[in-house]
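In what follows, a single structure is set out as structure tokens and then discussed.
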Amino acid sequence: MTRELSLLPRAAHARMPWKNGRGVTEQILVEPEGAPIDAFAWRVSTAIVSEGGEFSAFSGCERVLVVIEGDGLSLDGVPVPPLAPHRFSGDDVTRAELASGPIRDFNVIARRDYAIGCDVVHVTSERTLATGGDALLYCVRGALTCDGRELGAGDAVRARGDGRFTVGGDGVAIHVRVAPAT
């Protein structure tokens with residue numbers, strides 16, 4: 001498969017209500033493109049959580065959440081500090097409590113026939129990150145370059161196919177990989 005790269009600037013992310021109607025999400029990417037909220041294979045988004053309460057259920061899915069702004073939260077009593085990926089089931093009713101005020105989170109949700117890899121990467125010099133299949137690099141903060149594309153906070157680059165991201169600059173990124181489960 002030939003490697004394809006796409007820039008996904010924050011200004012182009014789709015804003016839509018949460019599945020449970022309690023907030024708004026910025027959808028960065030959904031696969032397949034244009035899939036409705038209850039029929040995607042996987043999706044990546046961010047959201048501001050301004051109060052505690054139940055998260056939307058996504059039956060048949062696994063979720064990974066990373067707090068990218070704010071002091072963190074707890075999910076069903078388990079602390080989730082900033083920049084620490086937290087994996088949980090979309091089947092369960094999950095209750096969030098904020099640590100000390102609103103947060104912004106980064107979310108990856110995928111059907112169980114997909115495997116999710118999600119890491120926080122602190123970038124201070126040029127480095128390479130594997131892509132393979134579908135991959136996304138999301139700039140949390142700072143100024144980064146990814147294969148010659150400039151990224152500011154909220155921007156992302158998607159790669160399809162085998163290869164690597166070459167990332168440089170000074171900032172924090174989230175590196176996501178999604179592939180069919182084996």
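By convention in this document, the chains of the structure tokens carry letters A, B, ... by their order, each chain's residues are numbered from 1, and ligands are numbered from 1 in the order they are shown.
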
Can you pull out the residues contacting Ser50 of chain A? Cut-off 9 Å, using only C-alpha atoms, and skip same-chain residues under 6 positions away; I want them as a PDB file with N, CA and C atoms, in the first residue's frame.
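Contents of the output file out25.pdb:
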```
ATOM      1  N   GLY A  23     -22.732  17.831  25.748  1.00  0.00           N
ATOM      2  CA  GLY A  23     -21.599  18.674  25.387  1.00  0.00           C
ATOM      3  C   GLY A  23     -21.372  18.653  23.886  1.00  0.00           C
ATOM      4  N   LEU A  98     -14.522  15.582  37.839  1.00  0.00           N
ATOM      5  CA  LEU A  98     -13.396  16.452  37.536  1.00  0.00           C
ATOM      6  C   LEU A  98     -12.529  16.653  38.778  1.00  0.00           C
ATOM      7  N   GLY A 101     -11.968  21.469  38.074  1.00  0.00           N
ATOM      8  CA  GLY A 101     -12.421  22.355  37.011  1.00  0.00           C
ATOM      9  C   GLY A 101     -12.416  21.667  35.665  1.00  0.00           C
ATOM     10  N   PRO A 102     -12.865  22.382  34.646  1.00  0.00           N
ATOM     11  CA  PRO A 102     -13.010  21.804  33.302  1.00  0.00           C
ATOM     12  C   PRO A 102     -11.699  21.261  32.750  1.00  0.00           C
ATOM     13  N   ILE A 103     -11.824  20.285  31.861  1.00  0.00           N
ATOM     14  CA  ILE A 103     -10.677  19.696  31.154  1.00  0.00           C
ATOM     15  C   ILE A 103     -11.023  19.590  29.675  1.00  0.00           C
ATOM     16  N   ARG A 104      -9.999  19.442  28.861  1.00  0.00           N
ATOM     17  CA  ARG A 104     -10.187  19.051  27.456  1.00  0.00           C
ATOM     18  C   ARG A 104      -9.562  17.673  27.332  1.00  0.00           C
TER      19      ARG A 104
END
```

Using only C-alpha atoms, which residues sit within 8 Å of Gly72 of chain A once same-chain residues fewer than 4 positions away are excluded, as number ranges by chain?
-> A: 67, 79-82, 98-100, 103

Write out as a count of residues only all residues of chain A that DSSP puts in strand (DSSP E) for this structure's backbone.
-> 111

Counting only C-alpha atoms, what is within 7 Å of Arg177 of chain A, bar same-chain residues fewer than 2 positions away, as a ChimeraX atom specification?
-> /A:116-118,131,134-136,175,179

What are the closest atom pairs, with distances in Å to one decimal, for each residue of segment 68-161 of chain A lying within 12 Å of segment 25-34 of chain A, using only C-alpha atoms, rows by chain and rising residue number, as a tab-separated table?
```
residue	atom	partner	partner_atom	distance
A:Arg104	CA	A:Thr25	CA	9.9
A:Asp105	CA	A:Thr25	CA	9.6
A:Phe106	CA	A:Glu26	CA	9.5
A:Asn107	CA	A:Gln27	CA	9.4
A:Val108	CA	A:Leu29	CA	9.6
A:Ile109	CA	A:Val30	CA	9.6
A:Ala110	CA	A:Glu31	CA	9.4
A:Arg111	CA	A:Glu31	CA	10.8
A:Tyr114	CA	A:Glu31	CA	11.5
A:Asp134	CA	A:Glu31	CA	10.0
A:Ala135	CA	A:Leu29	CA	10.9
A:Leu136	CA	A:Leu29	CA	9.2
A:Leu137	CA	A:Ile28	CA	11.0
A:Tyr138	CA	A:Ile28	CA	9.3
A:Cys139	CA	A:Ile28	CA	11.8
A:Gly154	CA	A:Ile28	CA	9.0
A:Asp155	CA	A:Ile28	CA	8.8
A:Ala156	CA	A:Ile28	CA	7.9
A:Val157	CA	A:Ile28	CA	10.0
A:Arg158	CA	A:Leu29	CA	8.8
A:Ala159	CA	A:Leu29	CA	11.8
A:Arg160	CA	A:Glu31	CA	11.8
```

Nearby residues (only C-alpha atoms) at most 8 Å from Phe165 of chain A, same-chain spacing under 6 positions excluded, as a PyMOL selection string = chain A and resi 128-131+146-147
